[in-house]
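Here the structure comes first, spelled out in structure tokens, and everything after it is commentary.
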Amino acid sequence: MSHLLEVKNLDVKFDTDEGRITAVENISLSVDQGEVLGIVGESGSGKSVTAKSIMKLNPGNTSYNEDAEIILDNENVLQFTSKQDLKKIRGGKVSMIFQEPMASFAPAIKIGAQMVEQLLIHKKINKDEAKSISINMLKRVGIADAEKRFNQYAFELSGGMRQRAMIAMALSTMPKLLLADEPTTALDVTIQAQVINLIKDIIKEYQMGVIFITHDLGVIAQVADHVAVMYLGSVVEKGPVNEILKNPKHPYTKGLLQALPDINNLDAPLSPIPGNIPSPLDRPTGCVFRTRCPHHNPEGKDGKIEMKLIEVEPGHWVDQCGIKCGQNG
Amino acid sequence: MGNNLISVNNVSVNFDYQENFISKKQKIHAVNNINIKIQKGSFFGLVGESGSGKTTLGRAILGANKISSGNVIFHDDERDYDLTNMNKQDLKEYRKKAQLIFQDPYAALSPRMTVRDIIAEPLEVMKITNSRQETDERVRDIAAKCRLNIEHLRRFPHAFSGGQRQRISIARALVSNPKFIVADESVAALDVSIQADILNLLKQLQTELNLTYLFISHDLSVVAHVCDVVAVMYLGHIVEMGPSRQLFKNPKHSYTKALLSSIPSIDPEKRSEAIELKGEIPSALHPPPGCVFRTRCPNPGIDCKGGEIKMGLTEVEPGHWVDQCCAL
Ligand SMILES: Nc1ncnc2c1ncn2[C@@H]1O[C@H](COP(=O)(O)OP(=O)(O)OP(=O)(O)O)[C@@H](O)[C@H]1O
Ligand SMILES: Nc1ncnc2c1ncn2[C@@H]1O[C@H](COP(=O)(O)OP(=O)(O)OP(=O)(O)O)[C@@H](O)[C@H]1O
Ligand code: SF4
Ligand code: SF4
Ligand SMILES: [Mg+2]
Ligand SMILES: [Mg+2]
């Protein structure tokens with residue numbers, strides 16, 4: 001079976017005043033129907049840029065490599081240029097939800113009007129049908145008084161409610177792929193738990209594929225089936241969520257886990273990863289993590305080891321580091 | 001007062017609120033009848049969801065928010081300061097002794113000042129040092145303790161990463177040699193690795209400089225790791241308080257239990273064990289009478305539903321206090 005989404009060898013570069021930035025390098029990922037792929041990594045690792053590429057939402061200073069492919073439903077999104085095609089990936093087959101729901105809503109237009117407008121663009125239905133779909137969706141995401149909320153502005157809702165409304169809007173067009181970029185990061189934990197459960201229910205019900213971006217490994221453990229760990233624009237490790245969290249191989253994945261305060265293990269020291277993330281302008285050659293890796297051997301340190309993912313267990317891919325650098329500590 | 005550095009006695013903070021100029025004035029009950037004692041040398045954690053009153057309480061203790069009723073006493077070695085009753089001189093002295101570390105390492109630092117000037121500013125404003133040389137010495141000294149080097153001092157803050165900026169804010173807060181630090185969401189904006197680094201630094205500075213912290217955070221895992229005492233706030237009230245290990249191991253209040261169960265477990269095999277709380281926190285303009293948590297409580301008793309229960313802490317084991325409802 002072919003995947004719902006397959007990203008192959010994607011590079012994303014930005015031209016800036018200070019030079020050309022490599023934000024994403026040689027990424028390959030896939031998502032199946034009904035599956036949640038989590039992308040985790042620190043700030044600046046390229047998570048959002050990757051997601052935006054799938055909707056071709058990166059700005060004008062962006063360039064993609066020629067041999068990259070983003071295959072959605074058997075079509076290469078990167079080749080899309082016509083309005084008609086772009087419509088398919090922007091609200092048609094793909095929807096996106098963000099950390100800040102206000103980014104999805106125009107401030108001066110009522111929530112309902114925006115939902116209806118969006119539906120009319122993407123579906124062959126009339127206004128009344130669009131209205132009833134929208135209200136049903138608001139109800140589905142747990143918004144009480146959906147008819148009333150339909151006629152309100154986004155700023156009139158509380159944070160958790162707004163997040164639900166945004167999810168309702170993103171889902172109303174029945175996308176095949178949902179891109180969720182830190183959708184619970186700004187929420188309180190009790191509200192986060194509600195929203196995570198909601199997203200999980202909905203994925204099950206509608207069998208969509210999801211890319212769930214977060215820097216929180218706990219959230220990943222709760223929602224993802226597969227995980228890709230990103231560092232400085234590269235995927236350094238990917239695989240089934242259980243494998244990655246319980247049997248991590250890459251020094252960066254291990255470092256993230258050791259830095260994380262775990263409430264069930266209060267005696268574990270919090271160990272930071274040494275050093276700082278290099279600027280994307282001085283992206284290390286060879287292994288991107290080598291300037292901070294506690295395990296590198298001289299070859300790795302000199303940048304002579306190329307990045308390349310190797311399958312160590314079925315479905316569990318790790319940058320060849322552990323193997324070539326030899327010190328899989 | 002023996003071992004306590006701070007005593008917060010029956011403190012309430014209200015804010016006036018008027019929706020528009022014709023509507024009637026209302027009161028926001030941001031902090032209600034709080035009693036806490038912060039021991040010298042402790043890492044006191046304050047947790048709770050957005051709007052529960054953590055910042056307001058922290059600011060009240062720093063003397064930066066008006067206290068509507070009750071008082072806060074700072075027990076210094078030689079004398080006590082009553083925050084509700086200080087003259088100008090007292091206030092000046094207190095400012096040196098109690099400092100705030102901000103949440104946002106990006107917004108807090110002026111982009112046009114060098115790191116040296118940012119750290120030195122409190123010394124100059126409070127006229128603590130007498131010469132430039134003395135200022136420089138103190139800046140260099142505290143910068144080194146915060147793991148910033150002399151190179152760094154000449155640069156501007158935009159050249160630094162989030163973690164380095166947070167170290168600059170910490171150095172600035174500590175340069176006046178305070179005894180008490182309020183750290184309000186000081187690691188919330190940081191990546192986990194940098195967060196671990198800053199938390200370790202705060203711990204280390206605590207022993208080195210004899211500091212006492214009020215550590216405000218909405219992240220329970222962080223609080224559990226660094227704090228020795230924790231108070232859990234909900235809608236302006238402390239609902240539970242105690243030694244952190246005891247409290248996290250054996251939470252008594254329904255809200256604390258729900259909060260703890262909502263932390264996303266890092267174990268994929270432990271999914272959705274969260275006690276799901278319905279609805280959202282009520283507005284501090286109209287807190288429910290009786291137990292403030294009853295609109296969301298997953299298993300309220302009959303008495304609580306009617307709003308007849310009064311809020312108030314009871315000691316259930318030594319040092320472990322719980323709002324009387326569920327404890328009994
Ligand atoms: N339009 C742009 N022009 C130049 N650089 C950009 C642009 N968009 C992103 N970048 C850079 O690309 C890199 C990856 O950014 P991205 O937003 O994908 O990170 P992220 O992993 O989503 O981080 P965060 O967790 O902070 O959201 C960063 O170094 C960022 O500064
Ligand atoms: N200056 C003010 N004027 C009016 N209301 C205020 C003011 N400061 C805070 N409040 C209100 O007081 C209540 C408590 O706010 P506070 O900022 O102390 O909460 P918090 O626990 O720090 O929340 P967060 O986690 O979002 O920082 C809220 O209802 C808030 O809206
Ligand atoms: S390749 Fe070497 S330097 Fe890079 S992560 Fe692996 S062990 Fe570390
Ligand atoms: S007093 Fe009643 S409503 Fe309040 S937390 Fe306890 S059981 Fe729940
Ligand atoms: Mg991002
Ligand atoms: Mg606050």
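Chain labels run A, B, ... following the order of the structure tokens; each chain numbers its residues from 1, and ligands are numbered from 1 in the order shown.
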- Identify all chain B residues at most 6 Å from chain A by counting only C-alpha atoms; ligands do not count. Present them as a ChimeraX atom specification. /B:49,191-193,196-197,221-222,225,262,264-268,271
- Message: Around ligand 2, out to 9 Å and counting only C-alpha atoms and all ligand atoms, which residues are there? I want them as JSON, numbers by chain.
- Response: {"A": [188], "B": [13, 14, 15, 16, 17, 27, 28, 29, 30, 31, 46, 47, 48, 49, 50, 51, 52, 53, 54, 55, 56, 57, 58, 59, 65, 184, 185, 216, 217, 218, 233, 234, 235, 236, 283, 284, 285]}
- Message: Excluding region 316-325 of chain A and its own-chain neighbours fewer than 4 positions away, which residues fall within 8 Å of it when counting only C-alpha atoms? Please give them as an MDAnalysis selection string.
- Response: chainID A and resid 235:240 243:244 249:250 287 295:297 299:300 305 307:312
- Message: Please find the residues contacting ligand 1 at a distance of at most 10 Å between atoms, with only C-alpha atoms and all ligand atoms counted, and report them as a ChimeraX atom specification.
- Response: /A:12-24,39-53,57-62,99,181-182,213-216,230-233,277-281 /B:189-191
- Message: Give me, as JSON, numbers by chain, all polymer residues having an atom no more than 10 Å from Asn76 (chain A), counting only C-alpha atoms and skipping those fewer than 4 positions away in the same chain.
- Response: {"A": [5, 6, 7, 54, 68, 69, 70, 71, 72, 80]}
